[in-house]
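Trainee: Once you've had a glance at the structure underneath, I'll fire off some questions.
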Amino acid sequence: MEYDDVIIRVEEMTARYGERLVLDALSFEVRRGEIFVILGGSGCGKSTLLKHMIGLYRPYSGDVKIGDVSVVHAEGEERDRLIRRFGVMYQSGALFGSMNLLENVCLPLEEFSDLPRPARELIARMKLGLVGLADFTRHMPSEISGGMKKRAAIARAMALDPEILFLDEPSAGLDPVTADELDDLIIRLSRSLGITFVVVTHELPSIYKIADRVIMLDARTKKMIAEGDPATLRDSHPDEWVRNFFNRKASASE
Amino acid sequence: MGMKSGTSKAVARGEVVDGRLVLSLSGRLDADAVSDLWPDVSRLLETGGEESILLDGSGIEYCDGSGAALLVFVERVAHRLDVPFELAGLSEEVAGLVALFPVEKFREDALCARSKPDWFVAMIGKETVGFLRNLVEQVAFLGELLVGLFRTLLHPASLRWRDLLGIAEAAGVKALPIVALLGCLIGLIMAFQGAVLMKQFGAEIFVADFVGISVVRELGPLITAIIVAGRTGSAFAAEIGTMKVNEEVDALTTMGLDPMRFLVVPRMLAATVMTPMLTLFANLCGILGGAVIMMGMGFPLVTYLSRAFAAVSMTSYLAGLVKSVVFGVLVAGAGCMSGLRTGEGASAVGDSATRAVVDSIVLIVFTDGLFAVIFYYLGI
């Protein structure tokens with residue numbers, strides 16, 4: 001597949017928490033239809049970057065654009081339209097605890113469409129079926145496992161058929177088999193529906209399996225230290241630390 | 001000796017040879033032994049006058065983290081006294097362990113440099129900045145809330161009525177028993193205390209006036225507001241706080257659902273409507289509570305009630321209700337704001353609930369005083 005069409009542009013974005021610099025003048029592009037992985041060691045600002053890309057945090061300087069619309073500056077109706085172009089799966093799933101799975105997936109449909117109730121429920125059921133939770137529509141989030149919560153959260157993020165899905169650490173806290181199933185799901189959704197994925201993770205097996213392209217953040221310089229496909233980075237990146245990361249080795253110089 | 005290695009008691013000995021303090025440690029240096037040895041070692045080091053310190057560790061059979069801390073401590077004292085220090089005779093294992101803790105990182109000056117307490121003026125400055133930030137946040141919250149309420153007024157269909165009714169039930173209907181109990185007890189106590197006093201003047205019947213006016217104007221709204229703060233305000237803060245910690249508030253935002261409209265407005269409306277209703281109920285129960293005492297003193301119920309209702313003017317009644325509406329707004333506002341400002345981690349939710357109740361009660365009492373002044377000047 002060819003990915004020429006750029007869908008997300010991060011332009012010279014700097015992020016700070018108060019005095020502390022977290023990301024320094026980051027620039028990169030995500031292309032339509034690819035599975036794009038943001039990775040790096042613990043505490044290097046991966047989740048922070050994600051939260052800036054979806055407009056939850058305002059960058060200190062710089063801009064993030066989805067299509068031609070700035071996530072930072074969009075207001076009013078333009079912002080509403082922008083927000084509907086993407087879905088987000090949070091680290092914990094963030095399902096609404098007072099609603100069952102069906103209601104969780106129905107909620108965005110209820111708020112943003114004029115579909116009659118049976119139609120909304122059918123769509124929600126189909127989305128839950130897509131992630132393998134067709135038999136759990138009446139369960140409350142507290143009654144299902146962590147992996148199921150994440151899948152339900154993906155179903156909810158897909159409720160309005162977004163172009164882009166942002167996933168924050170999809171395989172964190174899951175056993176290898178469940179994590180692998182989740183990776184299969186991501187690949188399936190990407191190939192069959194053409195959804196662009198932006199995934200934050202540091203699970204190597206998952207990266208090799210799903211990533212078309214990765215960027216790697218560095219906790220020390222607060223910048224991006226590598227960009228490309230994982231196999232190439234592992235074999236031929238000039239920085240030893242990057243090669244070691246992909247080979248899962250502790251560096252001697254550390 | 002007959003003692004198995006690894007079980008011998010740890011011993012510290014010190015002697016001064018030609019101005020050099022030779023400190024020998026031996027035995028098993030584990031957490032238990034070190035807590036006994038530490039005072040001994042400190043005392044040995046305090047003798048003073050030594051020109052150098054030699055720590056002889058050849059007798060150490062076993063050493064854990066606490067033992068290593070003791071060795072580092074001796075080095076630290078030597079560094080402070082500015083005398084040469086030498087560590088000798090350590091077995092390979094112990095030396096390896098001690099090497100994990102580079103001594104220069106644990107010296108007093110290194111530790112102090114990192115956590116220097118703020119100067120008094122700096123402390124005042126930081127507190128002031130924090131206070132002002134807080135104030136700005138509150139004003140911003142109020143503004144957003146007003147915008148949210150106004151939008152809901154323009155588009156009533158956008159309000160989640162099912163949520164609103166559920167919240168109203170939890171905040172209102174389910175609070176009836178406790179409001180009834182407290183209202184009744186307050187009426188009872190007021191009537192009893194009043195009756196004891198008034199009896200001296202043969203004016204027991206005026207207890208009805210006393211109970212009626214004080215409950216309807218002052219105590220009914222106040223008691224109800226405090227119950228709502230404790231029951232509902234804290235629940236709002238905990239619910240929204242938990243949603244914040246679980247990233248549910250973020251999820252709402254990125255779904256394009258404004259948390260203000262989705263979470264705060266229904267709670268605000270529910271509390272604002274339910275608080276005056278509960279107040280009415282508390283008033284009624286308070287007056288009935290007074291009736292129990294008066295009937296016990298031989299007055300017929302009708303006499304008491306007609307007296308009490310005659311004493312309470314329409315303006316007093318309305319003044320009490322107006323106050324309770326304002327209290328409802330304050331409690332819901334403090335609860336929701338505290339919830340939305342919840343930080344990260346499990347204890348943050350508890351902090352939010354506590355802050356909600358404390359803020360509410362302070363606001364209630366302060367506003368009640370303000371109302372008293374306003375009503376006084378208006379002649380109500």
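Ordering of the structure tokens sets the chain letters (A, B, ...); residue numbers start at 1 within each chain; ligands are numbered from 1 in the order shown.
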Write out as a Markdown table a residue-level contact list of chain B versus chain A with cut-off 7 Å: for each qualifying residue the closest pair of atoms and the distance in Å to one decimal, counting only C-alpha atoms, rows sorted by chain and residue number upward.
Mentor:
```
| residue | atom | partner | partner_atom | distance |
| --- | --- | --- | --- | --- |
| B:Asn246 | CA | A:Ala94 | CA | 5.5 |
| B:Glu247 | CA | A:Ala94 | CA | 5.4 |
| B:Glu248 | CA | A:Ala94 | CA | 4.7 |
| B:Ala251 | CA | A:Ala94 | CA | 6.6 |
| B:Thr254 | CA | A:Ile83 | CA | 6.3 |
| B:Met255 | CA | A:Ile83 | CA | 6.5 |
| B:Gly256 | CA | A:Ile83 | CA | 6.0 |
```
Trainee: Enumerate the residues of region 124-176 of chain A with a DSSP assignment of alpha helix (DSSP H), computed from the backbone, and present them as a ChimeraX atom specification.
Mentor: /A:124-130,146-157,176
Trainee: Would you mind exporting the chosen residues as a PDB file, in the first residue's frame, restricted to N, CA and C atoms?
Mentor:
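Wrote it out as out.pdb, contents follow:
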```pdb
ATOM      1  N   ALA A 124     -24.279   0.072  17.419  1.00  0.00           N
ATOM      2  CA  ALA A 124     -23.440  -0.180  18.590  1.00  0.00           C
ATOM      3  C   ALA A 124     -23.160  -1.673  18.744  1.00  0.00           C
ATOM      4  N   ARG A 125     -24.189  -2.494  18.519  1.00  0.00           N
ATOM      5  CA  ARG A 125     -24.000  -3.939  18.609  1.00  0.00           C
ATOM      6  C   ARG A 125     -22.989  -4.433  17.579  1.00  0.00           C
ATOM      7  N   MET A 126     -23.083  -3.863  16.346  1.00  0.00           N
ATOM      8  CA  MET A 126     -22.160  -4.281  15.293  1.00  0.00           C
ATOM      9  C   MET A 126     -20.731  -3.889  15.642  1.00  0.00           C
ATOM     10  N   LYS A 127     -20.561  -2.695  16.223  1.00  0.00           N
ATOM     11  CA  LYS A 127     -19.207  -2.256  16.602  1.00  0.00           C
ATOM     12  C   LYS A 127     -18.657  -3.177  17.694  1.00  0.00           C
ATOM     13  N   LEU A 128     -19.515  -3.534  18.650  1.00  0.00           N
ATOM     14  CA  LEU A 128     -19.066  -4.437  19.709  1.00  0.00           C
ATOM     15  C   LEU A 128     -18.755  -5.817  19.125  1.00  0.00           C
ATOM     16  N   GLY A 129     -19.535  -6.228  18.122  1.00  0.00           N
ATOM     17  CA  GLY A 129     -19.268  -7.500  17.456  1.00  0.00           C
ATOM     18  C   GLY A 129     -17.922  -7.487  16.758  1.00  0.00           C
ATOM     19  N   LEU A 130     -17.604  -6.345  16.171  1.00  0.00           N
ATOM     20  CA  LEU A 130     -16.346  -6.190  15.443  1.00  0.00           C
ATOM     21  C   LEU A 130     -15.139  -6.448  16.354  1.00  0.00           C
ATOM     22  N   GLY A 146      -9.708  -6.638  31.859  1.00  0.00           N
ATOM     23  CA  GLY A 146      -8.976  -5.484  31.339  1.00  0.00           C
ATOM     24  C   GLY A 146      -8.880  -5.477  29.822  1.00  0.00           C
ATOM     25  N   GLY A 147      -8.615  -6.640  29.235  1.00  0.00           N
ATOM     26  CA  GLY A 147      -8.506  -6.734  27.777  1.00  0.00           C
ATOM     27  C   GLY A 147      -9.841  -6.417  27.113  1.00  0.00           C
ATOM     28  N   MET A 148     -10.928  -6.906  27.719  1.00  0.00           N
ATOM     29  CA  MET A 148     -12.255  -6.638  27.164  1.00  0.00           C
ATOM     30  C   MET A 148     -12.583  -5.154  27.264  1.00  0.00           C
ATOM     31  N   LYS A 149     -12.170  -4.538  28.372  1.00  0.00           N
ATOM     32  CA  LYS A 149     -12.415  -3.102  28.521  1.00  0.00           C
ATOM     33  C   LYS A 149     -11.750  -2.338  27.389  1.00  0.00           C
ATOM     34  N   LYS A 150     -10.502  -2.739  27.075  1.00  0.00           N
ATOM     35  CA  LYS A 150      -9.788  -2.017  26.016  1.00  0.00           C
ATOM     36  C   LYS A 150     -10.469  -2.224  24.680  1.00  0.00           C
ATOM     37  N   ARG A 151     -10.950  -3.459  24.434  1.00  0.00           N
ATOM     38  CA  ARG A 151     -11.638  -3.704  23.168  1.00  0.00           C
ATOM     39  C   ARG A 151     -12.942  -2.914  23.107  1.00  0.00           C
ATOM     40  N   ALA A 152     -13.667  -2.879  24.241  1.00  0.00           N
ATOM     41  CA  ALA A 152     -14.917  -2.110  24.265  1.00  0.00           C
ATOM     42  C   ALA A 152     -14.624  -0.635  24.022  1.00  0.00           C
ATOM     43  N   ALA A 153     -13.499  -0.171  24.577  1.00  0.00           N
ATOM     44  CA  ALA A 153     -13.131   1.234  24.381  1.00  0.00           C
ATOM     45  C   ALA A 153     -12.828   1.504  22.913  1.00  0.00           C
ATOM     46  N   ILE A 154     -12.233   0.518  22.219  1.00  0.00           N
ATOM     47  CA  ILE A 154     -11.990   0.690  20.780  1.00  0.00           C
ATOM     48  C   ILE A 154     -13.333   0.753  20.047  1.00  0.00           C
ATOM     49  N   ALA A 155     -14.269  -0.115  20.454  1.00  0.00           N
ATOM     50  CA  ALA A 155     -15.594  -0.096  19.823  1.00  0.00           C
ATOM     51  C   ALA A 155     -16.247   1.267  20.006  1.00  0.00           C
ATOM     52  N   ARG A 156     -16.130   1.831  21.222  1.00  0.00           N
ATOM     53  CA  ARG A 156     -16.740   3.135  21.462  1.00  0.00           C
ATOM     54  C   ARG A 156     -16.042   4.216  20.633  1.00  0.00           C
ATOM     55  N   ALA A 157     -14.704   4.121  20.549  1.00  0.00           N
ATOM     56  CA  ALA A 157     -13.968   5.117  19.775  1.00  0.00           C
ATOM     57  C   ALA A 157     -14.367   5.048  18.305  1.00  0.00           C
ATOM     58  N   PRO A 176       0.440 -11.844  27.206  1.00  0.00           N
ATOM     59  CA  PRO A 176       0.922 -11.834  25.817  1.00  0.00           C
ATOM     60  C   PRO A 176      -0.111 -12.307  24.809  1.00  0.00           C
TER      61      PRO A 176
END
```
Trainee: Just the number, please: distance in Å from CA of Leu25 (chain B) to CA of Val74 (chain B), one decimal.
Mentor: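 CA of Val74 (chain B) lies 11.3 Å from CA of Leu25 (chain B).
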Trainee: Find the residues around Phe210 (chain B) up to 12 Å (only C-alpha atoms counted), leave out those fewer than 2 positions away in its own chain, and share them as an NGL selection string.
Mentor: :B and (187-195 or 197-198 or 203-208 or 212-219 or 286-287 or 290 or 304 or 307-312)
Trainee: Restricting it to C-alpha atoms, dump the selection as a short mmCIF file (atom, residue, chain, number, x, y, z; two decimals), in the first residue's frame.
Mentor:
```
data_model
loop_
_atom_site.label_atom_id
_atom_site.label_comp_id
_atom_site.auth_asym_id
_atom_site.auth_seq_id
_atom_site.Cartn_x
_atom_site.Cartn_y
_atom_site.Cartn_z
CA GLY B 187 -37.43 21.28 66.54
CA LEU B 188 -37.58 19.05 69.59
CA ILE B 189 -34.44 20.47 71.16
CA MET B 190 -35.36 24.08 70.42
CA ALA B 191 -38.83 23.61 71.90
CA PHE B 192 -37.49 21.90 74.99
CA GLN B 193 -34.81 24.50 75.68
CA GLY B 194 -37.27 27.29 74.95
CA ALA B 195 -39.94 25.80 77.18
CA LEU B 197 -36.78 29.21 79.89
CA MET B 198 -40.26 30.49 79.07
CA ALA B 203 -45.09 32.21 78.57
CA GLU B 204 -44.81 28.62 77.30
CA ILE B 205 -47.17 29.27 74.39
CA PHE B 206 -44.57 31.58 72.81
CA VAL B 207 -42.37 28.53 72.27
CA ALA B 208 -44.50 27.98 69.17
CA GLY B 212 -41.62 28.40 63.99
CA ILE B 213 -39.54 31.47 63.19
CA SER B 214 -36.12 30.05 64.00
CA VAL B 215 -36.68 26.82 62.10
CA VAL B 216 -38.23 28.35 58.98
CA ARG B 217 -35.92 31.33 58.67
CA GLU B 218 -32.64 29.99 59.87
CA LEU B 219 -32.24 26.42 61.03
CA GLY B 286 -38.91 20.84 62.79
CA ILE B 287 -42.29 22.33 63.65
CA GLY B 290 -41.64 21.14 68.58
CA TYR B 304 -49.53 25.03 68.91
CA ARG B 307 -49.69 29.82 66.87
CA ALA B 308 -46.60 28.60 64.97
CA PHE B 309 -48.04 29.20 61.52
CA ALA B 310 -49.33 32.64 62.53
CA ALA B 311 -45.86 33.59 63.74
CA VAL B 312 -44.18 32.73 60.45
#
```
Trainee: For CA of Val11 (chain B) and CA of Asp30 (chain B), quote the distance in Å rounded to one decimal.
Mentor: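 Between CA of Val11 (chain B) and CA of Asp30 (chain B) the gap works out to 11.9 Å.
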Trainee: Write out as a list of chain:residue names the residues lying within 9 Å of region 57-74 of chain A, counting only C-alpha atoms and excluding same-chain residues fewer than 5 positions away.
Mentor: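 So the residues in contact are A:Val6, A:Ile7, A:Ile8, A:Arg9, A:Val10, A:Glu11, A:Glu12, A:Met13, A:Thr14, A:Ala15, A:Arg16, A:Ala25, A:Leu26, A:Thr48, A:Lys51, A:His52, A:Arg79, A:Asp80, A:Leu82, A:Ile83, A:Arg85.
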Trainee: Near region 197-213 of chain A, within 7 Å and counting only C-alpha atoms, which residues show up once chain neighbours fewer than 5 positions away are dropped, as an MDAnalysis selection string?
Mentor: chainID A and resid 34:40 46:47 164:169 183 187 228:230
Trainee: Set the distance at 10 Å and use only C-alpha atoms: which residues neighbour Ser98 (chain A) once local chain neighbours fewer than 4 positions away are removed? I'd like the list as an MDAnalysis selection string.
Mentor: chainID A and resid 103:104 140:142
Trainee: With distances taken over only C-alpha atoms, which residue among B:Glu104, B:Glu344, B:Asp36, B:Asp64 lies nearest Met243 (chain B)?
Mentor: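 Checking each candidate against Met243 (chain B), we get B:Glu344 as the closest.
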